[in-house]
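Below is protein_20.pdb, holding PDB, C-alpha atoms, pLDDT in the B column.
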ATOM      1  CA  MET H   1     -43.536  32.153  48.846  1.00 47.00           C
ATOM      2  CA  SER H   2     -43.141  30.910  52.415  1.00 47.00           C
ATOM      3  CA  THR H   3     -40.342  32.108  54.690  1.00 42.00           C
ATOM      4  CA  VAL H   4     -38.549  28.763  54.362  1.00 42.00           C
ATOM      5  CA  GLN H   5     -38.788  28.880  50.561  1.00 45.00           C
ATOM      6  CA  PHE H   6     -37.502  32.459  50.531  1.00 40.00           C
ATOM      7  CA  TRP H   7     -34.368  31.642  52.531  1.00 44.00           C
ATOM      8  CA  ARG H   8     -33.743  28.546  50.394  1.00 56.00           C
ATOM      9  CA  TYR H   9     -33.947  30.816  47.336  1.00 46.00           C
ATOM     10  CA  VAL H  10     -31.488  33.304  48.885  1.00 41.00           C
ATOM     11  CA  ALA H  11     -29.064  30.500  49.777  1.00 51.00           C
ATOM     12  CA  THR H  12     -29.216  29.129  46.223  1.00 52.00           C
ATOM     13  CA  VAL H  13     -28.504  32.544  44.674  1.00 44.00           C
ATOM     14  CA  CYS H  14     -25.550  33.082  47.016  1.00 50.00           C
ATOM     15  CA  LEU H  15     -24.136  29.670  46.137  1.00 50.00           C
ATOM     16  CA  ILE H  16     -24.427  30.394  42.410  1.00 49.00           C
ATOM     17  CA  CYS H  17     -22.653  33.752  42.879  1.00 50.00           C
ATOM     18  CA  ILE H  18     -19.802  32.099  44.765  1.00 49.00           C
ATOM     19  CA  LEU H  19     -19.398  29.437  42.065  1.00 49.00           C
ATOM     20  CA  LEU H  20     -19.381  32.080  39.306  1.00 48.00           C
ATOM     21  CA  LEU H  21     -16.771  34.147  41.168  1.00 48.00           C
ATOM     22  CA  PHE H  22     -14.549  31.083  41.632  1.00 47.00           C
ATOM     23  CA  ALA H  23     -14.851  30.227  37.939  1.00 48.00           C
ATOM     24  CA  ALA H  24     -13.889  33.768  36.931  1.00 46.00           C
ATOM     25  CA  MET H  25     -10.814  33.697  39.175  1.00 44.00           C
ATOM     26  CA  SER H  26      -9.778  30.292  37.811  1.00 44.00           C
ATOM     27  CA  GLY H  27     -10.004  31.589  34.245  1.00 43.00           C
ATOM     28  CA  THR H  28      -7.317  34.220  34.729  1.00 38.00           C
ATOM     29  CA  GLY H  29      -4.560  31.655  34.398  1.00 39.00           C
ATOM     30  CA  GLY H  30      -3.122  32.239  37.864  1.00 37.00           C
ATOM     31  CA  PRO H  31      -1.919  35.347  39.646  1.00 35.00           C
ATOM     32  CA  ARG H  32      -1.185  38.347  37.517  1.00 35.00           C
ATOM     33  CA  SER H  33       2.272  39.886  37.418  1.00 37.00           C
ATOM     34  CA  THR H  34       2.811  43.416  38.627  1.00 35.00           C
ATOM     35  CA  PRO H  35       3.730  45.643  35.643  1.00 38.00           C
ATOM     36  CA  GLY H  36       7.470  45.584  35.057  1.00 40.00           C
ATOM     37  CA  VAL H  37       8.031  42.769  37.569  1.00 39.00           C
ATOM     38  CA  SER H  38       8.331  39.147  36.566  1.00 40.00           C
ATOM     39  CA  ARG H  39       7.499  36.214  38.780  1.00 41.00           C
ATOM     40  CA  GLN H  40      10.319  34.145  40.208  1.00 45.00           C
ATOM     41  CA  ASP H  41      10.737  30.534  39.237  1.00 47.00           C
ATOM     42  CA  SER H  42       8.677  28.145  41.295  1.00 48.00           C
ATOM     43  CA  PRO H  43      10.428  26.503  44.265  1.00 46.00           C
ATOM     44  CA  GLY H  44      12.783  23.711  43.265  1.00 56.00           C
ATOM     45  CA  THR H  45      13.603  25.087  39.822  1.00 86.00           C
ATOM     46  CA  CYS H  46      17.081  26.199  38.797  1.00 94.00           C
ATOM     47  CA  ARG H  47      18.929  27.467  35.739  1.00 96.00           C
ATOM     48  CA  GLU H  48      22.014  26.342  33.881  1.00 97.00           C
ATOM     49  CA  GLN H  49      22.573  29.993  32.936  1.00 97.00           C
ATOM     50  CA  SER H  50      21.212  33.138  34.573  1.00 98.00           C
ATOM     51  CA  GLU H  51      20.718  36.416  32.729  1.00 98.00           C
ATOM     52  CA  LEU H  52      21.574  39.751  34.303  1.00 98.00           C
ATOM     53  CA  VAL H  53      20.402  42.944  32.587  1.00 98.00           C
ATOM     54  CA  VAL H  54      21.802  46.278  33.784  1.00 98.00           C
ATOM     55  CA  TYR H  55      19.969  49.525  33.006  1.00 98.00           C
ATOM     56  CA  LEU H  56      22.521  52.326  33.290  1.00 98.00           C
ATOM     57  CA  GLU H  57      23.357  55.862  32.275  1.00 97.00           C
ATOM     58  CA  ALA H  58      26.665  57.626  31.717  1.00 97.00           C
ATOM     59  CA  GLY H  59      27.547  60.341  34.202  1.00 96.00           C
ATOM     60  CA  CYS H  60      25.656  58.620  37.006  1.00 96.00           C
ATOM     61  CA  PRO H  61      27.847  58.083  40.107  1.00 96.00           C
ATOM     62  CA  ASP H  62      25.640  55.198  41.249  1.00 97.00           C
ATOM     63  CA  SER H  63      26.094  53.477  37.890  1.00 97.00           C
ATOM     64  CA  ASN H  64      29.862  53.979  38.139  1.00 97.00           C
ATOM     65  CA  ARG H  65      29.925  52.507  41.636  1.00 97.00           C
ATOM     66  CA  PHE H  66      27.906  49.478  40.556  1.00 98.00           C
ATOM     67  CA  TYR H  67      30.257  48.737  37.665  1.00 98.00           C
ATOM     68  CA  SER H  68      33.401  49.379  39.712  1.00 97.00           C
ATOM     69  CA  PHE H  69      32.616  47.609  42.967  1.00 97.00           C
ATOM     70  CA  VAL H  70      29.867  45.080  42.206  1.00 98.00           C
ATOM     71  CA  LEU H  71      29.927  43.975  38.577  1.00 98.00           C
ATOM     72  CA  LYS H  72      33.668  44.116  37.901  1.00 97.00           C
ATOM     73  CA  PRO H  73      34.530  41.555  40.617  1.00 97.00           C
ATOM     74  CA  LEU H  74      31.612  39.339  39.567  1.00 97.00           C
ATOM     75  CA  LEU H  75      32.999  39.136  36.026  1.00 97.00           C
ATOM     76  CA  GLN H  76      36.019  37.384  37.511  1.00 96.00           C
ATOM     77  CA  GLU H  77      33.795  34.861  39.265  1.00 97.00           C
ATOM     78  CA  PHE H  78      31.110  33.964  36.716  1.00 98.00           C
ATOM     79  CA  THR H  79      31.843  32.956  33.137  1.00 96.00           C
ATOM     80  CA  PRO H  80      29.447  33.849  30.292  1.00 96.00           C
ATOM     81  CA  SER H  81      28.373  30.211  30.158  1.00 96.00           C
ATOM     82  CA  VAL H  82      26.602  30.573  33.513  1.00 97.00           C
ATOM     83  CA  LEU H  83      25.927  34.333  33.607  1.00 98.00           C
ATOM     84  CA  LYS H  84      24.787  36.158  30.494  1.00 98.00           C
ATOM     85  CA  ILE H  85      24.914  39.946  30.875  1.00 98.00           C
ATOM     86  CA  ASP H  86      23.313  42.707  28.834  1.00 98.00           C
ATOM     87  CA  HIS H  87      23.703  46.450  29.321  1.00 98.00           C
ATOM     88  CA  ILE H  88      20.984  48.978  28.431  1.00 98.00           C
ATOM     89  CA  PRO H  89      22.498  52.493  28.343  1.00 98.00           C
ATOM     90  CA  PHE H  90      19.504  54.797  28.537  1.00 97.00           C
ATOM     91  CA  GLY H  91      18.589  55.532  32.156  1.00 97.00           C
ATOM     92  CA  ASN H  92      16.278  58.499  32.676  1.00 96.00           C
ATOM     93  CA  ALA H  93      16.754  59.993  29.220  1.00 95.00           C
ATOM     94  CA  GLU H  94      13.958  61.070  26.906  1.00 92.00           C
ATOM     95  CA  VAL H  95      13.881  60.679  23.124  1.00 87.00           C
ATOM     96  CA  PHE H  96      12.043  63.151  20.904  1.00 83.00           C
ATOM     97  CA  GLN H  97      11.450  62.856  17.195  1.00 76.00           C
ATOM     98  CA  SER H  98      13.180  65.569  15.183  1.00 71.00           C
ATOM     99  CA  SER H  99      12.357  66.451  11.584  1.00 71.00           C
ATOM    100  CA  LYS H 100      16.001  67.385  11.033  1.00 69.00           C
ATOM    101  CA  TYR H 101      17.823  64.530  12.781  1.00 64.00           C
ATOM    102  CA  GLY H 102      15.229  61.808  13.179  1.00 67.00           C
ATOM    103  CA  ALA H 103      15.692  61.607  16.968  1.00 72.00           C
ATOM    104  CA  ALA H 104      16.802  64.062  19.642  1.00 80.00           C
ATOM    105  CA  MET H 105      17.522  63.338  23.301  1.00 88.00           C
ATOM    106  CA  ALA H 106      17.391  65.034  26.688  1.00 92.00           C
ATOM    107  CA  CYS H 107      19.432  63.475  29.494  1.00 95.00           C
ATOM    108  CA  GLN H 108      19.573  63.886  33.258  1.00 91.00           C
ATOM    109  CA  HIS H 109      23.329  64.575  33.245  1.00 93.00           C
ATOM    110  CA  GLY H 110      23.397  66.792  30.196  1.00 93.00           C
ATOM    111  CA  ILE H 111      24.404  66.523  26.566  1.00 94.00           C
ATOM    112  CA  GLU H 112      27.596  64.580  27.311  1.00 96.00           C
ATOM    113  CA  GLU H 113      25.561  61.814  28.918  1.00 96.00           C
ATOM    114  CA  CYS H 114      23.390  61.652  25.800  1.00 95.00           C
ATOM    115  CA  ARG H 115      26.508  61.353  23.653  1.00 95.00           C
ATOM    116  CA  VAL H 116      28.170  58.643  25.735  1.00 97.00           C
ATOM    117  CA  ASN H 117      24.916  56.686  26.008  1.00 97.00           C
ATOM    118  CA  THR H 118      24.680  56.818  22.215  1.00 96.00           C
ATOM    119  CA  PHE H 119      28.234  55.541  21.747  1.00 98.00           C
ATOM    120  CA  MET H 120      27.485  52.657  24.104  1.00 98.00           C
ATOM    121  CA  ALA H 121      24.215  51.934  22.311  1.00 97.00           C
ATOM    122  CA  CYS H 122      26.040  51.798  18.982  1.00 97.00           C
ATOM    123  CA  ALA H 123      28.596  49.419  20.474  1.00 98.00           C
ATOM    124  CA  ARG H 124      25.715  47.187  21.566  1.00 98.00           C
ATOM    125  CA  LEU H 125      24.310  47.293  18.043  1.00 97.00           C
ATOM    126  CA  ASN H 126      27.548  46.809  16.106  1.00 97.00           C
ATOM    127  CA  THR H 127      29.914  44.630  18.160  1.00 98.00           C
ATOM    128  CA  GLU H 128      29.951  41.133  19.637  1.00 97.00           C
ATOM    129  CA  PRO H 129      28.701  40.773  23.230  1.00 97.00           C
ATOM    130  CA  GLU H 130      32.209  40.231  24.642  1.00 97.00           C
ATOM    131  CA  THR H 131      33.546  43.334  22.884  1.00 98.00           C
ATOM    132  CA  TYR H 132      30.515  45.354  23.935  1.00 98.00           C
ATOM    133  CA  GLN H 133      30.982  44.406  27.567  1.00 98.00           C
ATOM    134  CA  LYS H 134      34.669  45.379  27.513  1.00 98.00           C
ATOM    135  CA  TYR H 135      33.698  48.745  26.052  1.00 98.00           C
ATOM    136  CA  ILE H 136      31.054  49.304  28.721  1.00 98.00           C
ATOM    137  CA  MET H 137      33.462  48.369  31.497  1.00 98.00           C
ATOM    138  CA  CYS H 138      36.122  50.719  30.165  1.00 98.00           C
ATOM    139  CA  LEU H 139      33.674  53.632  30.194  1.00 98.00           C
ATOM    140  CA  MET H 140      31.744  52.842  33.379  1.00 98.00           C
ATOM    141  CA  ALA H 141      34.004  50.988  35.864  1.00 96.00           C
ATOM    142  CA  ASN H 142      35.681  54.149  37.120  1.00 94.00           C
ATOM    143  CA  ASP H 143      34.951  57.385  38.953  1.00 92.00           C
ATOM    144  CA  MET H 144      35.512  59.718  36.016  1.00 92.00           C
ATOM    145  CA  ARG H 145      33.447  62.825  35.524  1.00 93.00           C
ATOM    146  CA  ILE H 146      31.091  62.688  32.561  1.00 95.00           C
ATOM    147  CA  SER H 147      33.316  65.077  30.609  1.00 94.00           C
ATOM    148  CA  ASP H 148      36.256  62.669  30.988  1.00 95.00           C
ATOM    149  CA  THR H 149      34.056  59.700  30.101  1.00 96.00           C
ATOM    150  CA  TYR H 150      33.052  61.448  26.896  1.00 96.00           C
ATOM    151  CA  LEU H 151      36.702  62.021  26.029  1.00 96.00           C
ATOM    152  CA  SER H 152      37.259  58.246  26.434  1.00 97.00           C
ATOM    153  CA  VAL H 153      34.715  56.985  23.902  1.00 98.00           C
ATOM    154  CA  LYS H 154      37.414  56.536  21.241  1.00 98.00           C
ATOM    155  CA  SER H 155      40.309  55.442  23.457  1.00 98.00           C
ATOM    156  CA  CYS H 156      38.122  52.689  24.932  1.00 98.00           C
ATOM    157  CA  ALA H 157      37.077  51.501  21.463  1.00 98.00           C
ATOM    158  CA  ASP H 158      40.441  51.590  19.673  1.00 98.00           C
ATOM    159  CA  PRO H 159      42.060  48.610  21.490  1.00 98.00           C
ATOM    160  CA  LEU H 160      38.959  46.568  20.649  1.00 98.00           C
ATOM    161  CA  GLY H 161      39.131  47.435  16.945  1.00 98.00           C
ATOM    162  CA  ALA H 162      35.583  48.741  17.225  1.00 98.00           C
ATOM    163  CA  TRP H 163      35.873  52.488  16.721  1.00 98.00           C
ATOM    164  CA  ASP H 164      34.991  52.700  13.035  1.00 98.00           C
ATOM    165  CA  ASN H 165      31.777  50.689  13.392  1.00 97.00           C
ATOM    166  CA  ILE H 166      30.713  52.510  16.549  1.00 98.00           C
ATOM    167  CA  ASN H 167      31.451  55.979  15.199  1.00 97.00           C
ATOM    168  CA  ARG H 168      29.745  55.258  11.857  1.00 97.00           C
ATOM    169  CA  CYS H 169      26.611  54.234  13.751  1.00 96.00           C
ATOM    170  CA  VAL H 170      26.662  57.353  15.936  1.00 95.00           C
ATOM    171  CA  MET H 171      26.894  59.585  12.880  1.00 92.00           C
ATOM    172  CA  ASP H 172      23.947  57.810  11.229  1.00 91.00           C
ATOM    173  CA  ARG H 173      21.253  59.153  13.528  1.00 82.00           C
ATOM    174  CA  ARG H 174      18.306  58.455  11.264  1.00 79.00           C
ATOM    175  CA  ARG H 175      18.946  54.792  10.493  1.00 81.00           C
ATOM    176  CA  GLN H 176      21.109  53.503  13.326  1.00 90.00           C
ATOM    177  CA  SER H 177      21.833  55.445  16.516  1.00 91.00           C
ATOM    178  CA  GLY H 178      18.485  57.248  16.718  1.00 89.00           C
ATOM    179  CA  LYS H 179      16.522  54.030  16.229  1.00 90.00           C
ATOM    180  CA  GLU H 180      18.688  52.130  18.696  1.00 94.00           C
ATOM    181  CA  MET H 181      18.269  54.773  21.406  1.00 93.00           C
ATOM    182  CA  THR H 182      14.512  54.686  20.822  1.00 92.00           C
ATOM    183  CA  ASN H 183      14.643  50.906  21.156  1.00 95.00           C
ATOM    184  CA  LEU H 184      16.648  51.064  24.401  1.00 97.00           C
ATOM    185  CA  GLY H 185      14.262  53.677  25.771  1.00 96.00           C
ATOM    186  CA  GLU H 186      11.367  51.300  25.231  1.00 96.00           C
ATOM    187  CA  LYS H 187      13.270  48.462  26.922  1.00 97.00           C
ATOM    188  CA  THR H 188      14.011  50.696  29.904  1.00 97.00           C
ATOM    189  CA  ARG H 189      10.429  51.879  30.326  1.00 96.00           C
ATOM    190  CA  GLU H 190       9.190  48.282  30.266  1.00 97.00           C
ATOM    191  CA  VAL H 191      10.846  47.541  33.617  1.00 97.00           C
ATOM    192  CA  HIS H 192       9.234  50.552  35.357  1.00 97.00           C
ATOM    193  CA  HIS H 193      12.491  51.503  37.068  1.00 97.00           C
ATOM    194  CA  SER H 194      12.590  53.908  39.994  1.00 96.00           C
ATOM    195  CA  PHE H 195      16.365  54.150  40.294  1.00 96.00           C
ATOM    196  CA  ILE H 196      19.443  53.956  38.072  1.00 97.00           C
ATOM    197  CA  PRO H 197      21.216  51.591  37.886  1.00 98.00           C
ATOM    198  CA  TRP H 198      18.331  49.143  37.750  1.00 98.00           C
ATOM    199  CA  ILE H 199      18.874  45.425  37.294  1.00 98.00           C
ATOM    200  CA  THR H 200      16.843  42.364  36.458  1.00 98.00           C
ATOM    201  CA  LEU H 201      17.949  38.793  37.077  1.00 98.00           C
ATOM    202  CA  ASP H 202      16.222  36.225  34.890  1.00 97.00           C
ATOM    203  CA  GLY H 203      13.540  38.812  34.182  1.00 97.00           C
ATOM    204  CA  ASP H 204      12.943  39.472  37.875  1.00 97.00           C
ATOM    205  CA  GLY H 205      13.242  43.089  39.011  1.00 97.00           C
ATOM    206  CA  ARG H 206      11.611  42.914  42.415  1.00 96.00           C
ATOM    207  CA  SER H 207      12.875  44.627  45.541  1.00 96.00           C
ATOM    208  CA  ASP H 208      15.142  41.783  46.710  1.00 96.00           C
ATOM    209  CA  VAL H 209      16.981  41.940  43.375  1.00 98.00           C
ATOM    210  CA  GLN H 210      17.353  45.725  43.632  1.00 98.00           C
ATOM    211  CA  HIS H 211      18.702  45.463  47.177  1.00 98.00           C
ATOM    212  CA  ALA H 212      21.288  42.923  46.013  1.00 98.00           C
ATOM    213  CA  LYS H 213      22.847  45.321  43.491  1.00 97.00           C
ATOM    214  CA  PHE H 214      24.413  47.420  46.261  1.00 97.00           C
ATOM    215  CA  SER H 215      26.766  44.643  47.358  1.00 97.00           C
ATOM    216  CA  GLU H 216      28.991  42.263  45.429  1.00 97.00           C
ATOM    217  CA  GLU H 217      28.376  39.564  48.040  1.00 97.00           C
ATOM    218  CA  SER H 218      24.597  39.978  47.977  1.00 98.00           C
ATOM    219  CA  LEU H 219      24.365  39.856  44.192  1.00 98.00           C
ATOM    220  CA  ARG H 220      26.763  36.911  44.037  1.00 98.00           C
ATOM    221  CA  ASN H 221      24.642  34.967  46.527  1.00 97.00           C
ATOM    222  CA  LEU H 222      21.475  35.763  44.591  1.00 98.00           C
ATOM    223  CA  ILE H 223      22.998  34.583  41.303  1.00 98.00           C
ATOM    224  CA  CYS H 224      24.285  31.419  42.969  1.00 97.00           C
ATOM    225  CA  SER H 225      20.816  30.691  44.334  1.00 96.00           C
ATOM    226  CA  ARG H 226      19.390  30.755  40.789  1.00 96.00           C
ATOM    227  CA  LEU H 227      21.942  28.365  39.280  1.00 97.00           C
ATOM    228  CA  CYS H 228      21.653  24.590  39.242  1.00 96.00           C
ATOM    229  CA  GLU H 229      24.213  22.875  41.419  1.00 94.00           C
ATOM    230  CA  ASP H 230      26.273  21.541  38.519  1.00 94.00           C
ATOM    231  CA  SER H 231      26.475  25.066  37.004  1.00 94.00           C
ATOM    232  CA  ARG H 232      27.639  26.881  40.123  1.00 96.00           C
ATOM    233  CA  PRO H 233      31.248  28.072  40.106  1.00 96.00           C
ATOM    234  CA  GLU H 234      33.494  27.491  43.111  1.00 94.00           C
ATOM    235  CA  VAL H 235      32.703  30.944  44.469  1.00 95.00           C
ATOM    236  CA  CYS H 236      29.164  29.724  45.215  1.00 96.00           C
ATOM    237  CA  GLY H 237      30.473  27.106  47.643  1.00 88.00           C
ATOM    238  CA  SER H 238      28.759  23.800  48.251  1.00 64.00           C
TER     239      SER H 238
END
Can you give me the file's structure in the form of structure tokens?
Amino acid sequence: MSTVQFWRYVATVCLICILLLFAAMSGTGGPRSTPGVSRQDSPGTCREQSELVVYLEAGCPDSNRFYSFVLKPLLQEFTPSVLKIDHIPFGNAEVFQSSKYGAAMACQHGIEECRVNTFMACARLNTEPETYQKYIMCLMANDMRISDTYLSVKSCADPLGAWDNINRCVMDRRRQSGKEMTNLGEKTREVHHSFIPWITLDGDGRSDVQHAKFSEESLRNLICSRLCEDSRPEVCGS
């Protein structure tokens, strides 16, 4: 093989390698998402309704502050028709299978956190979304110590007519509360949180969303930016 032929051969092989690499990259279906982080909508898209999911835990001062000073005012500004909200009361807890009870838990803020989280989980499982949210707000939008929050699980449920269903679920650890806490634990781990409270907006949990949760104004502006113009409430401005 002459020198010219050799370099032509090398150039051909390199070209084939480049084409194969390009084909492999094209076959991935676009950029991959980072685990636990969803991609934002493409520029120019908007939503008629945004969905906010809050990952919380009882006894957590940061969770209490978020509910008191960020979420509570926003509930006065956004109706459920434009902002759907879900609450996942699990936080940094761990669930272990128990031969006696079906499921046992260990929580960052002690046994009372585990108990309150379970009451909230049972409210999520056994009440309508509006009732569930009122129950969550009653327990979390305050600066109570965890011991006082635990003492409020019934008094927050009674005005909603929800105590019997919630309490029955809590007592049924094998079939209801234990399974629901396991379910919420899986949902929490899926977002790969590094802080509680953790939030996602329309499935997006990236850093700009997390920064927004520390300020009512910042989170309001972020929600407004996701909504279509005809869905934005007056608080979003023009």
Run the PyMOL selection byres ((chain H and resi 179) around 12) against the file shown and list the residues it catches, as number ranges by chain. H: 95-97, 101-105, 118, 121-122, 125, 169-170, 172-178, 180-186
Show me, as CSV, the residues of stretch 153-205 of chain H having an atom within 10 Å of stretch 57-81 of chain H, each with the closest atom pair and its distance in Å, using only C-alpha atoms.
residue,atom,partner,partner_atom,distance
H:Phe195,CA,H:Asp62,CA,9.4
H:Ile196,CA,H:Ser63,CA,6.7
H:Pro197,CA,H:Ser63,CA,5.2
H:Trp198,CA,H:Ser63,CA,8.9
Using all atoms listed in the file, determine which residues lie at most 10 Å from H:Ser218, disregarding the query and same-chain residues fewer than 5 positions distant; provide the list as a PyMOL selection string. chain H and resi 70+208-209+211-213+223-224
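The spacing separating atom CA of H:Ile166 from atom CA of H:Asn126 amounts to 6.5 Å.
Remark: residues at most 9 Å from position (15.2, 40.3, 35.3) in file coordinates are Val37, Ser38, Glu51, Leu52, Val53, Val191, Ile199, Thr200, Leu201, Asp202, Gly203, Asp204, Gly205, Arg206 and Val209 of chain H, using all atoms listed in the file.
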Would you kindly translate the PyMOL selection byres ((chain H and resi 226) around 10) into the concrete residues it picks from this file, as a list in words? Gln40, Asp41, Gly44, Thr45, Cys46, Arg47, Glu48, Gln49, Ser50, Glu51, Leu201, Asp202, Asn221, Leu222, Ile223, Cys224, Ser225, Leu227, Cys228, Glu229, Ser231 and Arg232 of chain H
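Note that the spacing between atom CA of H:Met137 and atom CA of H:Gln108 amounts to 20.9 Å.
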I'd like the box whose edges run along x, y and z of the file and which contains every listed atom of stretch 60-65 of chain H, padded by 6 Å per side; could you state its centre and edge lengths in Å, one decimal, as AutoDock Vina command-line options?
--center_x 27.8 --center_y 55.6 --center_z 39.3 --size_x 16.3 --size_y 18.1 --size_z 16.6
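Taking atom CA of H:Asn117 and atom CA of H:Pro89 as the two end points, the separation is 5.4 Å.
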How would you write, as a ChimeraX atom specification, the residues chosen by the PyMOL selection byres ((chain H and resi 112) around 12) on this structure? /H:57-60,93,105-111,113-119,145-153
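With distances taken over all atoms listed in the file, H:Leu160 is the one residue among H:Leu219, H:Met144, H:Val235, H:Leu160 lying closest to H:Tyr132.
Among the candidates H:Leu83, H:Ala157, H:Val54, H:Met171, the residue lying nearest to H:Ala123 is H:Ala157 (atoms considered: only C-alpha atoms).
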